[in-house]
$ cat query-v4.txt   # compact mmCIF, C-alpha atoms
# COMPACT_ATOMS: atom_id res chain seq x y z
CA MET A 9 17.93 -2.42 -4.90
CA SER A 10 18.03 1.06 -6.36
CA VAL A 11 15.39 3.65 -5.59
CA ILE A 12 14.66 3.93 -9.32
CA GLY A 13 13.98 0.23 -9.64
CA VAL A 14 11.40 0.36 -6.90
CA HIS A 15 9.23 2.75 -8.87
CA SER A 16 9.16 0.65 -12.03
CA TYR A 17 6.62 -1.70 -10.39
CA HIS A 18 7.60 -4.80 -12.32
CA PRO A 19 7.56 -7.69 -9.83
CA ILE A 20 8.01 -11.25 -10.94
CA LEU A 21 4.52 -12.73 -11.19
CA ASN A 22 4.11 -16.19 -9.76
CA ALA A 23 1.45 -18.83 -9.38
CA SER A 24 -0.44 -16.84 -6.73
CA SER A 25 -1.27 -14.06 -9.20
CA GLY A 26 -3.77 -13.65 -11.98
CA THR A 27 -7.24 -15.00 -11.10
CA GLY A 28 -9.13 -11.75 -11.45
CA TYR A 29 -10.04 -9.40 -14.27
CA VAL A 30 -9.95 -5.72 -15.25
CA THR A 31 -13.02 -3.49 -14.95
CA THR A 32 -13.84 0.13 -14.13
CA VAL A 33 -14.23 1.15 -10.49
CA GLY A 34 -14.68 4.79 -9.57
CA GLY A 35 -13.72 5.82 -13.08
CA LEU A 36 -10.39 3.97 -13.02
CA ASN A 37 -9.35 0.79 -14.78
CA SER A 38 -8.92 -1.66 -11.92
CA TYR A 39 -7.84 -5.24 -11.43
CA VAL A 40 -10.50 -6.91 -9.26
CA THR A 41 -10.74 -10.32 -7.69
CA GLY A 42 -12.77 -11.99 -4.96
CA SER A 43 -16.46 -12.46 -4.24
CA HIS A 44 -19.01 -9.77 -5.09
CA LEU A 45 -21.06 -11.12 -2.18
CA SER A 46 -18.51 -10.14 0.43
CA LEU A 47 -19.28 -7.26 2.78
CA PHE A 48 -15.58 -6.49 3.06
CA ALA A 49 -13.35 -4.90 0.43
CA ALA A 50 -9.68 -4.02 0.21
CA VAL A 51 -8.18 -1.43 -2.10
CA LEU A 52 -4.55 -2.21 -2.96
CA MET A 53 -2.74 0.78 -4.39
CA SER A 54 0.01 -1.30 -5.90
CA ASP A 55 -0.08 -4.70 -7.51
CA ILE A 56 -2.21 -7.84 -7.80
CA TYR A 57 -2.52 -9.96 -4.66
CA ASP A 58 -5.03 -12.76 -4.88
CA LYS A 59 -3.96 -13.90 -1.41
CA VAL A 60 -6.07 -11.10 0.04
CA ALA A 61 -9.10 -12.18 -1.99
CA ALA A 62 -8.55 -15.74 -0.81
CA SER A 63 -9.02 -14.42 2.73
CA GLY A 64 -12.58 -13.34 1.94
CA TYR A 65 -12.13 -9.82 0.58
CA TYR A 66 -13.25 -8.31 -2.68
CA VAL A 67 -9.97 -6.83 -3.88
CA VAL A 68 -9.55 -3.81 -6.15
CA ALA A 69 -6.18 -2.68 -7.50
CA PRO A 70 -6.83 0.55 -9.44
CA ASP A 71 -4.49 1.83 -12.13
CA LEU A 72 -3.49 5.02 -10.35
CA LEU A 73 -0.64 5.54 -12.82
CA ASP A 74 -3.01 5.83 -15.81
CA ASP A 75 -1.08 3.12 -17.65
CA ASP A 76 2.11 5.15 -17.29
CA PRO A 77 4.52 3.30 -14.94
CA PHE A 78 8.00 4.63 -14.38
CA VAL A 79 10.60 3.16 -16.73
CA ASP A 80 13.99 3.10 -15.06
CA ASN A 81 16.00 2.98 -18.31
CA ASP A 82 14.27 5.95 -19.95
CA VAL A 83 17.09 8.51 -20.09
CA ASN A 84 14.70 11.17 -21.35
CA ARG A 85 12.39 10.93 -18.34
CA SER A 86 14.07 10.82 -14.98
CA LEU A 87 12.30 9.92 -11.76
CA ASP A 88 11.99 13.60 -10.85
CA VAL A 89 10.27 14.31 -14.16
CA TRP A 90 7.97 11.29 -13.80
CA LEU A 91 6.99 12.40 -10.30
CA GLN A 92 5.87 15.76 -11.67
CA ASP A 93 3.25 13.85 -13.69
CA HIS A 94 2.42 11.48 -10.81
CA PRO A 95 2.88 13.34 -7.51
CA PRO A 96 2.28 10.98 -4.58
CA GLU A 97 0.32 13.74 -2.84
CA ASN A 98 -2.45 13.28 -5.45
CA VAL A 99 -2.97 9.56 -4.81
CA SER A 100 -5.66 9.97 -2.16
CA ALA A 101 -7.78 12.21 -4.38
CA ASP A 102 -7.53 9.65 -7.19
CA VAL A 103 -8.51 6.69 -5.03
CA LYS A 104 -11.43 8.29 -3.15
CA PRO A 105 -13.86 7.76 -6.08
CA VAL A 106 -12.87 4.07 -6.09
CA ILE A 107 -13.75 3.74 -2.40
CA GLN A 108 -17.00 5.64 -2.84
CA ASP A 109 -17.95 3.43 -5.79
CA LEU A 110 -17.34 0.32 -3.68
CA LYS A 111 -19.60 1.71 -0.96
CA ARG A 112 -22.34 2.30 -3.52
CA ARG A 113 -21.96 -1.31 -4.60
CA GLY A 114 -22.69 -2.47 -1.06
CA PHE A 115 -19.20 -3.04 0.36
CA SER A 116 -19.82 -1.62 3.81
CA LYS A 117 -16.36 -2.11 5.29
CA ILE A 118 -13.20 -1.29 3.38
CA GLY A 119 -9.48 -1.44 4.09
CA ILE A 120 -6.76 0.23 2.07
CA ALA A 121 -3.12 -0.71 1.51
CA GLY A 122 -0.40 1.49 0.08
CA PHE A 123 3.01 0.34 -1.13
CA CYS A 124 6.05 2.47 -1.93
CA TRP A 125 4.84 5.47 -3.99
CA SER A 126 1.22 5.05 -2.87
CA GLY A 127 1.97 4.85 0.85
CA ILE A 128 1.38 8.55 1.41
CA GLY A 129 -2.06 8.14 -0.18
CA ALA A 130 -2.95 5.36 2.25
CA ALA A 131 -1.95 7.64 5.13
CA ASP A 132 -4.10 10.47 3.77
CA ILE A 133 -7.11 8.17 3.35
CA ALA A 134 -6.65 7.00 6.95
CA LYS A 135 -7.38 10.59 8.03
CA THR A 136 -10.92 10.25 6.68
CA LYS A 137 -13.88 8.05 7.61
CA LEU A 138 -13.84 6.30 4.24
CA VAL A 139 -11.98 3.20 5.41
CA LYS A 140 -11.90 1.00 8.49
CA ALA A 141 -8.16 0.38 8.41
CA SER A 142 -5.00 1.22 6.49
CA VAL A 143 -1.72 -0.61 5.88
CA LEU A 144 1.49 0.91 4.52
CA SER A 145 4.34 -1.31 3.38
CA HIS A 146 7.74 0.33 2.73
CA PRO A 147 6.10 3.72 2.05
CA SER A 148 8.00 6.36 0.10
CA PHE A 149 8.16 10.14 0.52
CA VAL A 150 6.63 10.06 4.01
CA GLN A 151 7.57 11.77 7.24
CA GLY A 152 6.09 12.13 10.68
CA ASN A 153 3.81 15.04 9.82
CA ASN A 154 1.99 12.90 7.24
CA PHE A 155 0.56 10.88 10.13
CA ARG A 156 -0.93 13.64 12.23
CA GLY A 157 -4.71 13.45 12.35
CA ILE A 158 -4.97 9.73 11.58
CA LYS A 159 -8.49 8.44 12.32
CA ALA A 160 -8.42 4.83 11.08
CA PRO A 161 -6.32 2.04 12.60
CA ILE A 162 -3.02 2.01 10.71
CA ALA A 163 -0.16 -0.45 10.31
CA ILE A 164 3.25 0.49 8.93
CA TYR A 165 5.87 -2.01 7.82
CA GLY A 166 9.39 -0.76 7.18
CA GLY A 167 12.64 -2.46 6.20
CA GLN A 168 15.93 -2.53 8.08
CA ASN A 169 17.94 -1.88 4.90
CA ASP A 170 15.49 0.55 3.31
CA THR A 171 17.52 3.60 2.25
CA LEU A 172 14.52 5.50 0.86
CA THR A 173 12.51 5.33 4.09
CA PRO A 174 15.08 4.21 6.66
CA PRO A 175 14.27 2.76 10.08
CA TRP A 176 14.79 6.08 11.85
CA ARG A 177 12.01 7.56 9.74
CA ILE A 178 9.67 4.71 10.67
CA ILE A 179 10.53 5.30 14.34
CA GLU A 180 9.72 8.99 13.89
CA ILE A 181 6.32 8.06 12.46
CA GLU A 182 5.68 5.65 15.32
CA ARG A 183 6.41 8.45 17.79
CA VAL A 184 3.79 10.66 16.13
CA LEU A 185 1.21 7.87 16.34
CA ARG A 186 2.10 7.07 19.93
CA ASP A 187 1.71 10.70 21.02
CA ALA A 188 -1.49 11.35 19.06
CA ARG A 189 -4.59 12.54 20.89
CA PRO A 190 -7.04 10.95 20.55
CA GLN A 191 -5.12 7.76 20.01
CA VAL A 192 -5.91 5.26 17.28
CA ALA A 193 -4.82 1.66 17.03
CA TYR A 194 -1.50 1.31 15.24
CA GLU A 195 1.11 -1.32 14.49
CA VAL A 196 4.68 -0.55 13.45
CA LYS A 197 7.27 -3.15 12.51
CA ILE A 198 10.72 -2.91 10.95
CA PHE A 199 11.50 -6.14 9.11
CA PRO A 200 15.12 -7.30 9.44
CA ASN A 201 17.47 -7.75 6.49
CA VAL A 202 15.12 -6.45 3.78
CA GLU A 203 15.41 -3.56 1.34
CA HIS A 204 12.83 -1.10 0.06
CA GLY A 205 10.06 -2.82 -1.86
CA TRP A 206 10.56 -6.27 -0.37
CA THR A 207 6.84 -7.17 -0.26
CA LEU A 208 6.43 -6.56 -4.01
CA LEU A 209 9.74 -6.84 -5.81
CA TYR A 210 11.06 -10.10 -4.45
CA ASP A 211 12.49 -13.16 -6.14
CA PRO A 212 10.01 -16.07 -5.74
CA ASN A 213 12.99 -18.43 -6.00
CA ASP A 214 14.64 -16.93 -2.92
CA PRO A 215 13.22 -18.71 0.19
CA LYS A 216 14.26 -15.89 2.56
CA ALA A 217 12.68 -13.22 0.35
CA VAL A 218 9.48 -15.25 0.01
CA LYS A 219 9.34 -15.78 3.78
CA ALA A 220 9.68 -12.05 4.51
CA ALA A 221 7.07 -11.08 1.92
CA ASP A 222 4.65 -13.77 3.09
CA LYS A 223 4.98 -12.59 6.69
CA ALA A 224 4.17 -9.01 5.68
CA HIS A 225 1.17 -10.22 3.64
CA ARG A 226 -0.14 -12.26 6.57
CA MET A 227 0.26 -9.31 8.92
CA MET A 228 -1.64 -7.09 6.50
CA ILE A 229 -4.51 -9.56 6.24
CA ASN A 230 -4.56 -10.01 10.01
CA TRP A 231 -4.77 -6.24 10.43
CA PHE A 232 -7.70 -6.09 8.03
CA ASP A 233 -9.39 -9.04 9.74
CA LYS A 234 -9.08 -7.30 13.09
CA HIS A 235 -10.14 -3.81 12.11
CA VAL A 236 -12.14 -4.04 8.88
CA GLN A 237 -14.40 -6.95 9.75
CA ASN A 238 -15.19 -5.76 13.27
$ encode --input "query-v4.txt" --output "structure tokens"
Amino acid sequence: MSVIGVHSYHPILNASSGTGYVTTVGGLNSYVTGSHLSLFAAVLMSDIYDKVAASGYYVVAPDLLDDDPFVDNDVNRSLDVWLQDHPPENVSADVKPVIQDLKRRGFSKIGIAGFCWSGIGAADIAKTKLVKASVLSHPSFVQGNNFRGIKAPIAIYGGQNDTLTPPWRIIEIERVLRDARPQVAYEVKIFPNVEHGWTLLYDPNDPKAVKAADKAHRMMINWFDKHVQN
């Protein structure tokens, strides 16, 4: 899978998607699903995952791209140009109002998940007291220094064949978390035989791809169950 393709954010939707609706949260158009009565919320800075809502969370997926996803066949707007309009370093500032809005609505415990481009934002949010836990799946544009000062429990899932954020980079990040003082709970796993974006951009007709993505989703939910609900 090319790096460019990862940023187009066009996964194949399947039967597990599409039971929510679009509304405004924190000033951003957001796909939401799950019970308003839940005390627990999850902000997904990526795509639509009703599986998280099915686990008891009120799920919000804000449009952090302002309806302007990267188009990999646009010869007039390369990835470098697109990134100037959507720098990943700005993600955390954009998503903070969403989290604060959820708190005003009564969601007392919130987890956040970042995928690919939004992974650095999930790391930045984990340095605050806004969330109870953070999960990063195949994050892009990250390095060890992005994880200094982490306050919330954080899980990071990398891919063995990820050329954008290779395993050695994930190991570097794990070393930073391991040596941090004071320490916070963390979980780091490198999934075998998967490329960048495997939890989002997978073929639902490929049993091995589905199995890897499902395992990552279950681990994310388990991390939230452990650290958001307690």
$ closest_residue --input "query-v4.txt" --among "A:Ile128, A:Leu36, A:Ala50, A:Leu144" --to "Val106 (chain A)" --atoms "all atoms listed in the file"
A:Leu36
$ closest_residue --input "query-v4.txt" --among "A:Ala49, A:Ala221, A:Ala134, A:Leu72" --to "Lys159 (chain A)" --atoms "all atoms listed in the file"
A:Ala134
$ atom_distance --input "query-v4.txt" --atom1 "CA of Ala61 (chain A)" --atom2 "CA of Ser43 (chain A)"
7.7 Å
$ atom_distance --input "query-v4.txt" --atom1 "CA of Ile158 (chain A)" --atom2 "CA of Ala188 (chain A)"
8.4 Å
$ closest_residue --input "query-v4.txt" --among "A:Ile133, A:Val51, A:Val218, A:Val202" --to "Leu110 (chain A)" --atoms "all atoms listed in the file"
A:Val51
$ residues_around --input "query-v4.txt" --residues "Lys197 (chain A)" --least-positions-apart "3" --cutoff "9 Å" --atoms "all atoms listed in the file" --output "JSON, numbers by chain"
{"A": [163, 164, 165, 166, 167, 178]}
$ residues_around --input "query-v4.txt" --residues "His235 (chain A)" --least-positions-apart "2" --cutoff "8 Å" --atoms "all atoms listed in the file" --output "mmCIF file with C-alpha atoms, in the coordinates of the input"
data_model
loop_
_atom_site.group_PDB
_atom_site.id
_atom_site.type_symbol
_atom_site.label_atom_id
_atom_site.label_comp_id
_atom_site.auth_asym_id
_atom_site.auth_seq_id
_atom_site.Cartn_x
_atom_site.Cartn_y
_atom_site.Cartn_z
ATOM 1 C CA LYS A 140 -11.900 1.000 8.490
ATOM 2 C CA ALA A 141 -8.160 0.380 8.410
ATOM 3 C CA PRO A 161 -6.320 2.040 12.600
ATOM 4 C CA TRP A 231 -4.770 -6.240 10.430
ATOM 5 C CA PHE A 232 -7.700 -6.090 8.030
ATOM 6 C CA ASP A 233 -9.390 -9.040 9.740
ATOM 7 C CA GLN A 237 -14.400 -6.950 9.750
ATOM 8 C CA ASN A 238 -15.190 -5.760 13.270
#
$ closest_residue --input "query-v4.txt" --among "A:Pro200, A:Gly127, A:Ser100, A:Ile229" --to "Val67 (chain A)" --atoms "only C-alpha atoms"
A:Ile229
$ axis_aligned_box --input "query-v4.txt" --around "region 31-37 of chain A" --padding-each-side "4 Å" --output "JSON"
{"center_x": -12.0, "center_y": 1.2, "center_z": -12.3, "size_x": 13.3, "size_y": 17.3, "size_z": 13.4}
$ residues_around --input "query-v4.txt" --residues "Gly34 (chain A)" --least-positions-apart "4" --cutoff "12 Å" --atoms "all atoms listed in the file" --output "PDB file with C-alpha atoms, in the frame of the given file"
ATOM      1  CA  SER A  38      -8.920  -1.660 -11.920  1.00  0.00           C
ATOM      2  CA  VAL A  51      -8.180  -1.430  -2.100  1.00  0.00           C
ATOM      3  CA  VAL A  68      -9.550  -3.810  -6.150  1.00  0.00           C
ATOM      4  CA  ALA A  69      -6.180  -2.680  -7.500  1.00  0.00           C
ATOM      5  CA  PRO A  70      -6.830   0.550  -9.440  1.00  0.00           C
ATOM      6  CA  ASP A  71      -4.490   1.830 -12.130  1.00  0.00           C
ATOM      7  CA  LEU A  72      -3.490   5.020 -10.350  1.00  0.00           C
ATOM      8  CA  ALA A 101      -7.780  12.210  -4.380  1.00  0.00           C
ATOM      9  CA  ASP A 102      -7.530   9.650  -7.190  1.00  0.00           C
ATOM     10  CA  VAL A 103      -8.510   6.690  -5.030  1.00  0.00           C
ATOM     11  CA  LYS A 104     -11.430   8.290  -3.150  1.00  0.00           C
ATOM     12  CA  PRO A 105     -13.860   7.760  -6.080  1.00  0.00           C
ATOM     13  CA  VAL A 106     -12.870   4.070  -6.090  1.00  0.00           C
ATOM     14  CA  ILE A 107     -13.750   3.740  -2.400  1.00  0.00           C
ATOM     15  CA  GLN A 108     -17.000   5.640  -2.840  1.00  0.00           C
ATOM     16  CA  ASP A 109     -17.950   3.430  -5.790  1.00  0.00           C
ATOM     17  CA  LEU A 110     -17.340   0.320  -3.680  1.00  0.00           C
ATOM     18  CA  LYS A 111     -19.600   1.710  -0.960  1.00  0.00           C
ATOM     19  CA  ARG A 112     -22.340   2.300  -3.520  1.00  0.00           C
ATOM     20  CA  ARG A 113     -21.960  -1.310  -4.600  1.00  0.00           C
TER      21      ARG A 113
END
$ residues_around --input "query-v4.txt" --residues "Ala224 (chain A)" --least-positions-apart "4" --cutoff "8 Å" --atoms "all atoms listed in the file" --output "VMD selection string"
chain A and resid 165 207 220 228
$ closest_residue --input "query-v4.txt" --among "A:Asn37, A:Thr173, A:Asn230, A:Gln168" --to "His146 (chain A)" --atoms "all atoms listed in the file"
A:Thr173
